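**Q** What follows is data.txt; its format and atoms are compact mmCIF, C-alpha atoms.
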# COMPACT_ATOMS: atom_id res chain seq x y z
CA MET A 1 63.02 127.56 95.66
CA SER A 2 66.45 129.14 95.33
CA LEU A 3 67.13 132.37 93.51
CA SER A 4 69.53 130.56 91.21
CA SER A 5 66.60 128.72 89.64
CA HIS A 6 65.35 132.04 88.21
CA VAL A 7 68.69 133.01 86.72
CA PRO A 8 68.80 132.21 83.00
CA ALA A 9 71.70 130.16 81.76
CA ARG A 10 74.52 132.14 80.21
CA PRO A 11 74.57 132.14 76.41
CA GLY A 12 76.95 129.49 75.22
CA ALA A 13 77.15 127.77 78.62
CA ALA A 14 75.82 124.52 77.18
CA LEU A 15 78.36 124.72 74.35
CA TRP A 16 81.23 125.25 76.78
CA LYS A 17 80.04 122.32 78.88
CA PHE A 18 79.85 120.10 75.81
CA ALA A 19 83.35 121.16 74.75
CA ALA A 20 84.71 120.44 78.23
CA ASP A 21 83.08 117.01 78.32
CA GLN A 22 84.30 116.10 74.84
CA ARG A 23 87.72 117.78 74.97
CA ILE A 24 89.64 114.58 74.26
CA TRP A 25 87.62 113.77 71.14
CA ILE A 26 87.91 117.40 70.08
CA ALA A 27 91.68 117.30 70.57
CA SER A 28 91.91 114.23 68.32
CA ALA A 29 89.74 115.89 65.68
CA VAL A 30 91.78 119.10 65.80
CA ILE A 31 95.04 117.20 65.39
CA LEU A 32 93.72 115.27 62.39
CA PHE A 33 92.27 118.46 60.90
CA LEU A 34 95.58 120.32 61.21
CA LEU A 35 97.41 117.35 59.75
CA ALA A 36 94.98 117.28 56.83
CA VAL A 37 95.66 120.96 56.19
CA PHE A 38 99.46 120.81 56.39
CA ASP A 39 100.28 117.16 55.65
CA ARG A 40 97.42 115.18 54.17
CA THR A 41 99.47 112.02 53.79
CA GLN A 42 100.39 111.99 57.46
CA ALA A 43 96.76 112.65 58.41
CA VAL A 44 95.64 109.54 56.55
CA GLU A 45 98.50 107.48 57.97
CA SER A 46 97.78 108.63 61.53
CA ALA A 47 94.07 107.88 61.25
CA ASP A 48 94.76 104.45 59.76
CA PHE A 49 97.34 103.75 62.46
CA ALA A 50 94.96 104.74 65.28
CA ILE A 51 92.06 102.67 63.92
CA ALA A 52 94.25 99.61 63.33
CA ALA A 53 95.74 99.89 66.83
CA LEU A 54 92.28 100.18 68.38
CA LEU A 55 91.14 97.05 66.54
CA HIS A 56 94.24 95.22 67.74
CA THR A 57 93.56 96.09 71.39
CA ALA A 58 89.77 95.61 71.10
CA PRO A 59 89.69 92.12 72.69
CA TYR A 60 91.63 93.36 75.71
CA LEU A 61 89.54 96.52 75.83
CA ILE A 62 86.25 94.62 75.82
CA PHE A 63 87.42 92.23 78.53
CA SER A 64 88.73 95.03 80.75
CA ILE A 65 85.48 96.96 80.42
CA ALA A 66 83.48 93.87 81.33
CA VAL A 67 85.64 93.27 84.43
CA ALA A 68 85.23 96.85 85.63
CA ALA A 69 81.48 96.89 84.97
CA TYR A 70 81.01 93.54 86.70
CA ALA A 71 82.89 94.73 89.79
CA GLY A 72 80.69 97.81 90.04
CA ALA A 73 77.41 96.02 89.37
CA THR A 74 78.03 93.22 91.88
CA GLY A 75 79.41 95.53 94.56
CA ALA A 76 82.72 93.66 94.62
CA ASP A 77 84.53 96.98 95.10
CA ASN A 78 83.08 97.04 98.62
CA LEU A 79 85.52 94.27 99.52
CA ILE A 80 88.19 96.98 99.76
CA ALA A 81 86.90 97.75 103.25
CA ARG A 82 88.24 94.44 104.54
CA ALA A 83 91.80 95.42 103.66
CA PHE A 84 91.98 98.01 106.43
CA THR A 85 91.50 95.96 109.57
CA GLY A 86 94.18 94.27 111.65
CA ALA A 87 97.82 94.81 112.58
CA PRO A 88 99.64 97.74 110.90
CA ILE A 89 101.99 95.57 108.82
CA VAL A 90 99.10 93.39 107.69
CA MET A 91 97.12 96.50 106.76
CA ILE A 92 100.06 97.80 104.72
CA LEU A 93 100.32 94.55 102.80
CA LEU A 94 96.59 94.26 102.17
CA GLY A 95 96.31 97.95 101.34
CA ALA A 96 99.02 97.65 98.70
CA VAL A 97 97.44 94.54 97.18
CA ALA A 98 93.99 96.16 97.23
CA GLY A 99 95.35 99.30 95.61
CA GLY A 100 97.13 97.35 92.89
CA LEU A 101 94.18 95.12 92.03
CA SER A 102 91.07 97.14 92.83
CA PRO A 103 88.89 98.61 90.05
CA PHE A 104 88.49 102.01 91.71
CA CYS A 105 88.48 104.97 89.36
CA SER A 106 90.30 108.20 90.22
CA CYS A 107 87.07 109.93 91.26
CA GLY A 108 86.30 107.19 93.78
CA VAL A 109 89.73 106.80 95.35
CA ILE A 110 90.08 110.32 96.76
CA PRO A 111 86.89 110.35 98.87
CA LEU A 112 87.74 106.84 100.04
CA ILE A 113 91.20 108.00 101.13
CA ALA A 114 89.63 110.90 103.00
CA ALA A 115 87.22 108.53 104.72
CA LEU A 116 89.97 106.15 105.80
CA LEU A 117 92.17 108.90 107.24
CA ALA A 118 89.28 110.69 108.94
CA MET A 119 88.23 107.41 110.59
CA GLY A 120 91.69 106.98 112.07
CA VAL A 121 93.07 104.31 109.73
CA PRO A 122 96.90 104.58 109.96
CA LEU A 123 98.49 106.70 107.26
CA SER A 124 100.92 103.85 106.54
CA ALA A 125 98.14 101.54 105.32
CA VAL A 126 96.39 104.35 103.46
CA MET A 127 99.65 105.40 101.79
CA ALA A 128 100.19 101.81 100.61
CA PHE A 129 96.80 101.86 98.93
CA TRP A 130 97.28 105.43 97.71
CA LEU A 131 100.58 104.71 95.94
CA ALA A 132 99.51 101.41 94.39
CA SER A 133 96.07 102.45 93.17
CA PRO A 134 97.00 104.80 90.26
CA ILE A 135 99.47 102.32 88.76
CA MET A 136 97.41 99.21 88.16
CA ASP A 137 93.86 97.90 88.13
CA PRO A 138 92.15 95.05 86.22
CA SER A 139 91.46 97.23 83.18
CA MET A 140 95.01 98.54 83.13
CA PHE A 141 96.43 95.03 83.45
CA PHE A 142 94.71 93.65 80.38
CA LEU A 143 95.36 96.76 78.32
CA THR A 144 99.02 96.70 79.33
CA ALA A 145 99.22 93.06 78.31
CA GLY A 146 97.66 93.91 74.96
CA VAL A 147 99.93 96.85 74.23
CA LEU A 148 103.24 95.97 75.93
CA GLY A 149 102.97 92.24 76.54
CA ALA A 150 101.98 89.96 79.41
CA GLU A 151 105.44 90.06 81.03
CA PHE A 152 105.32 93.86 81.25
CA ALA A 153 101.79 93.74 82.68
CA VAL A 154 102.74 91.24 85.39
CA ALA A 155 105.89 93.21 86.24
CA LYS A 156 103.88 96.44 86.49
CA THR A 157 101.41 94.74 88.84
CA PHE A 158 104.24 93.64 91.12
CA ALA A 159 105.66 97.16 90.84
CA ALA A 160 102.36 98.64 92.02
CA VAL A 161 102.11 96.34 95.02
CA GLY A 162 105.82 96.69 95.78
CA LEU A 163 105.68 100.48 95.69
CA GLY A 164 102.67 100.41 97.99
CA ILE A 165 104.46 98.19 100.50
CA PHE A 166 107.61 100.30 100.29
CA GLY A 167 105.70 103.52 100.88
CA GLY A 168 103.61 102.03 103.66
CA VAL A 169 106.63 100.70 105.53
CA VAL A 170 108.49 104.02 105.23
CA VAL A 171 105.48 105.94 106.52
CA TYR A 172 105.03 103.42 109.33
CA MET A 173 108.63 103.96 110.47
CA LEU A 174 108.30 107.74 110.26
CA SER A 175 104.97 107.70 112.08
CA LYS A 176 106.50 106.17 115.18
CA GLY A 177 107.98 109.57 116.04
CA GLY A 178 104.65 111.35 115.60
CA ALA A 179 105.84 113.35 112.59
CA LEU A 180 102.85 112.39 110.49
CA ASN A 181 100.00 112.84 112.92
CA ASP A 182 96.84 114.52 111.57
CA PRO A 183 97.70 114.13 107.86
CA LEU A 184 94.46 115.67 106.53
CA ARG A 185 94.03 119.37 105.84
CA GLU A 186 91.62 121.27 108.02
CA GLY A 187 88.01 120.93 106.93
CA ILE A 188 88.35 117.58 105.17
CA GLY A 189 85.39 115.44 106.13
CA ASN A 190 84.88 111.71 106.30
CA GLY A 191 84.88 110.93 102.64
CA GLY A 192 81.32 111.29 101.39
CA CYS A 193 80.14 108.50 99.12
CA GLY A 194 83.53 106.82 99.14
CA GLY A 195 83.47 106.58 102.89
CA ALA A 196 80.30 104.51 102.81
CA LYS A 197 82.31 101.64 101.38
CA VAL A 198 84.37 101.59 104.57
CA ARG A 199 81.78 102.54 107.16
CA ALA A 200 79.09 100.13 105.98
CA PRO A 201 80.29 97.79 103.24
CA LYS A 202 77.35 96.18 101.48
CA PRO A 203 77.18 92.47 100.62
CA VAL A 204 78.35 91.42 97.18
CA VAL A 205 75.68 90.17 94.77
CA TRP A 206 77.60 88.07 92.26
CA ARG A 207 74.46 87.26 90.18
CA PHE A 208 73.84 90.93 89.50
CA TRP A 209 71.64 90.29 86.45
CA THR A 210 68.75 89.30 88.73
CA ASP A 211 68.46 92.91 89.93
CA GLY A 212 67.21 95.59 87.54
CA ASP A 213 69.17 98.41 89.15
CA ARG A 214 72.39 96.40 89.04
CA ARG A 215 71.82 95.49 85.39
CA ALA A 216 71.37 99.15 84.60
CA LYS A 217 74.55 99.97 86.53
CA PHE A 218 76.46 97.34 84.54
CA VAL A 219 75.28 98.80 81.22
CA SER A 220 75.96 102.36 82.33
CA SER A 221 79.43 101.48 83.62
CA ALA A 222 80.31 99.53 80.48
CA LEU A 223 79.19 102.38 78.24
CA SER A 224 81.00 105.09 80.20
CA ASN A 225 84.19 103.00 80.37
CA THR A 226 84.02 102.30 76.64
CA LEU A 227 83.76 105.99 75.83
CA PHE A 228 86.44 106.91 78.37
CA LEU A 229 88.97 104.33 77.23
CA GLY A 230 88.13 104.78 73.57
CA LYS A 231 88.73 108.52 73.50
CA TRP A 232 92.01 108.33 75.41
CA LEU A 233 93.36 105.41 73.39
CA PHE A 234 92.40 107.00 70.07
CA LEU A 235 94.24 110.20 71.00
CA ALA A 236 97.18 108.18 72.30
CA PHE A 237 97.49 106.18 69.10
CA ILE A 238 97.40 109.37 67.02
CA LEU A 239 100.19 110.82 69.14
CA GLU A 240 102.12 107.56 68.86
CA SER A 241 101.86 107.66 65.07
CA LEU A 242 103.24 111.22 65.05
CA MET A 243 105.99 110.27 67.46
CA LEU A 244 107.04 107.36 65.25
CA ALA A 245 106.94 109.60 62.18
CA TRP A 246 108.65 112.70 63.56
CA ILE A 247 110.95 111.70 66.43
CA PRO A 248 114.21 110.20 65.18
CA ALA A 249 114.95 106.84 66.75
CA GLU A 250 118.51 107.99 67.43
CA THR A 251 117.22 110.76 69.72
CA VAL A 252 115.18 108.34 71.81
CA THR A 253 117.99 105.82 71.96
CA LYS A 254 120.43 108.48 73.09
CA ALA A 255 118.17 109.94 75.78
CA LEU A 256 116.40 106.87 77.16
CA GLY A 257 118.21 103.90 75.68
CA GLY A 258 121.18 101.99 77.00
CA ASP A 259 121.72 99.87 80.07
CA GLY A 260 122.90 102.42 82.62
CA MET A 261 121.07 104.19 85.42
CA LEU A 262 120.81 107.56 83.67
CA PRO A 263 118.06 106.56 81.17
CA ILE A 264 115.96 105.19 84.03
CA LEU A 265 116.52 108.31 86.14
CA THR A 266 115.67 110.52 83.15
CA ALA A 267 112.48 108.57 82.44
CA THR A 268 111.48 108.80 86.12
CA LEU A 269 111.80 112.58 86.13
CA VAL A 270 110.33 113.05 82.64
CA GLY A 271 107.32 110.96 83.63
CA VAL A 272 106.13 113.68 86.00
CA PRO A 273 105.41 116.46 83.45
CA ALA A 274 105.08 114.30 80.30
CA TYR A 275 102.59 111.71 81.58
CA LEU A 276 99.16 112.12 79.95
CA ASN A 277 96.90 109.36 81.18
CA GLY A 278 97.39 105.78 82.33
CA TYR A 279 95.79 104.42 79.20
CA ALA A 280 97.25 107.00 76.84
CA ALA A 281 100.77 106.36 78.14
CA LEU A 282 100.79 102.67 77.21
CA PRO A 283 100.98 102.99 73.42
CA LEU A 284 103.33 105.95 73.74
CA VAL A 285 105.75 103.90 75.81
CA GLY A 286 105.32 101.01 73.40
CA GLY A 287 106.37 103.24 70.54
CA LEU A 288 109.35 104.56 72.49
CA ILE A 289 110.52 101.05 73.34
CA GLU A 290 110.32 100.14 69.66
CA GLN A 291 112.60 103.10 68.96
CA GLY A 292 115.21 102.02 71.48
CA MET A 293 113.91 103.10 74.88
CA ALA A 294 115.24 100.83 77.63
CA PRO A 295 112.44 98.63 79.10
CA GLY A 296 113.45 99.69 82.61
CA ALA A 297 113.09 103.32 81.61
CA GLY A 298 109.65 102.58 80.20
CA MET A 299 108.59 100.95 83.44
CA ALA A 300 109.95 103.86 85.49
CA PHE A 301 108.09 106.34 83.27
CA LEU A 302 104.77 104.51 83.70
CA VAL A 303 105.11 104.09 87.46
CA ALA A 304 106.35 107.61 88.19
CA GLY A 305 103.89 109.24 85.81
CA GLY A 306 100.93 107.27 87.13
CA VAL A 307 101.49 108.31 90.73
CA THR A 308 102.67 111.89 90.14
CA SER A 309 100.46 112.88 87.22
CA ILE A 310 98.93 116.34 87.57
CA PRO A 311 95.39 115.11 88.44
CA ALA A 312 96.68 112.66 91.06
CA ALA A 313 99.14 115.15 92.55
CA MET A 314 96.52 117.91 92.71
CA ALA A 315 94.13 115.59 94.52
CA VAL A 316 96.80 114.70 97.09
CA TRP A 317 97.68 118.38 97.57
CA ALA A 318 94.03 119.31 98.13
CA LEU A 319 93.48 116.48 100.59
CA ALA A 320 96.65 116.17 102.66
CA LYS A 321 98.94 118.54 104.49
CA PRO A 322 102.09 119.72 102.64
CA ARG A 323 104.45 117.35 104.48
CA VAL A 324 102.32 114.38 103.43
CA PHE A 325 102.23 115.65 99.85
CA VAL A 326 106.03 115.98 99.74
CA LEU A 327 106.40 112.50 101.19
CA TYR A 328 103.96 111.10 98.62
CA ILE A 329 105.94 112.60 95.73
CA GLY A 330 109.27 111.55 97.17
CA LEU A 331 108.18 107.96 97.76
CA SER A 332 106.70 107.67 94.27
CA LEU A 333 109.85 108.95 92.53
CA CYS A 334 112.25 106.85 94.59
CA GLY A 335 110.05 103.79 94.17
CA ALA A 336 109.65 104.30 90.42
CA PHE A 337 113.40 104.58 89.95
CA ALA A 338 113.98 101.40 91.98
CA VAL A 339 111.29 99.56 89.99
CA GLY A 340 112.88 100.65 86.73
CA VAL A 341 116.31 99.45 87.83
CA LEU A 342 114.94 96.09 88.96
CA PHE A 343 112.95 95.57 85.76
CA GLN A 344 115.96 96.47 83.61
CA PHE A 345 118.06 93.99 85.59
CA TRP A 346 115.40 91.32 85.09
CA GLN A 347 115.38 91.99 81.34
CA SER A 348 119.14 91.57 81.15
CA ILE A 349 119.16 88.13 82.81
Since I need it in another form, could you write the structure as structure tokens?

**A**
Amino acid sequence: MSLSSHVPARPGAALWKFAADQRIWIASAVILFLLAVFDRTQAVESADFAIAALLHTAPYLIFSIAVAAYAGATGADNLIARAFTGAPIVMILLGAVAGGLSPFCSCGVIPLIAALLAMGVPLSAVMAFWLASPIMDPSMFFLTAGVLGAEFAVAKTFAAVGLGIFGGVVVYMLSKGGALNDPLREGIGNGGCGGAKVRAPKPVVWRFWTDGDRRAKFVSSALSNTLFLGKWLFLAFILESLMLAWIPAETVTKALGGDGMLPILTATLVGVPAYLNGYAALPLVGGLIEQGMAPGAGMAFLVAGGVTSIPAAMAVWALAKPRVFVLYIGLSLCGAFAVGVLFQFWQSI
């Protein structure tokens, strides 16, 4: 028995843990409380707006949760292991597609990346998966379609895969000179639980309901995803309501509107510090587009923010050597700008 088992818990430790776990709900409650104190009318309007928006996206939310829970319960996410075998160019292509379509959450991707690199999988294929994964997944696709429209969701899926391929090819060319050998930091192991998906992928059980453990996993995954998506979307819709109420449309139009390259470049750079969460960003971008934001700028914001958000960037920094981190950021920003330009061109046709 360890000595730590005899150490009493600090007073208030449970309260701090609860606050940390529920910080998004608490943030929403604090915002509504402050609004009620200083502007009761806006508080009511923001709450009504958030509830109505949640009800509007509920069908897409339910479907996306079911897809994610089904993938986890059946073990379909183990199929990702098959994307990293074969010729380098084939691995880049499959890695980008797998990253853009796989239901991996952020906590599962990082150990998987570590496992792939530690096992000697080329950085080019891993980078393709790494860049594509934060941008799109089945849940994100259906929520994007519900909030921004099916055309935007399809375009963002192609953007995810395209960015992955672009990054993988660039890394492949650079790797030929040996500049990117040993990309992992010292002490990084072989990926823990995520690595098991690569080292020994388990068979998929499509009829998961015949297994009690898999049924329990489905219910647990569905519940956790519902709470996760619900809290982020509720906060996002509150922020969107305030943005629509307080930010003049002329300001948005001037900064991010128009047909030139500058709005797209601005949105690409702004997406790095301003991006909150993949799900929270959707309604915010939807509100900005309604106020005059160029669609290409909106796409650039979502792509750049998804890849370079603080949690994603911190994970890359902790895992990879500085030169790989700089390359990751550079590829994501260049790719996001190119995606924004292409999407804006497509919209103008």

**Q** May I ask for the distance between atom CA of Val126 of chain A and atom CA of Pro138 of chain A, given in Å to one decimal place?

**A** 20.0 Å

**Q** From the list A:Trp346, A:Ala66, A:Ala125, A:Leu101, which residue is nearest Gly86 of chain A when using only C-alpha atoms?

**A**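 Closest candidate: A:Ala125.
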
**Q** Report, in Å to a single decimal, how far apart atom CA of Leu302 of chain A and atom CA of Leu54 of chain A are.

**A** 20.2 Å

**Q** Neighbouring residues of Phe152 of chain A were defined as those with any atom within 9 Å, considering only C-alpha atoms; residues of the same chain fewer than 5 positions away were excluded. Please report them as a list in words.

**A** Thr144, Ala145, Thr157, Pro295 and Met299 of chain A

**Q** List the spatial neighbours of Ala336 of chain A as a PyMOL selection string - criterion: any atom at most 10 Å away, all atoms listed in the file, same-chain residues fewer than 3 positions off excluded.

**A** chain A and resi 159-160+163+264-265+267-269+271+296-297+299-307+330-333+339-342

**Q** How many Å lie between atom CA of Val169 of chain A and atom CA of Val324 of chain A, rounded to one decimal?

**A** 14.5 Å

**Q** Excluding Thr266 of chain A and any residue of its chain fewer than 4 positions from it, enumerate the residues within 8 Å of it, using all atoms listed in the file, and give them as a list of chain:residue names.

**A**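 My list of contacting residues is A:Ala255, A:Leu256, A:Leu262, A:Val270, A:Ala297.
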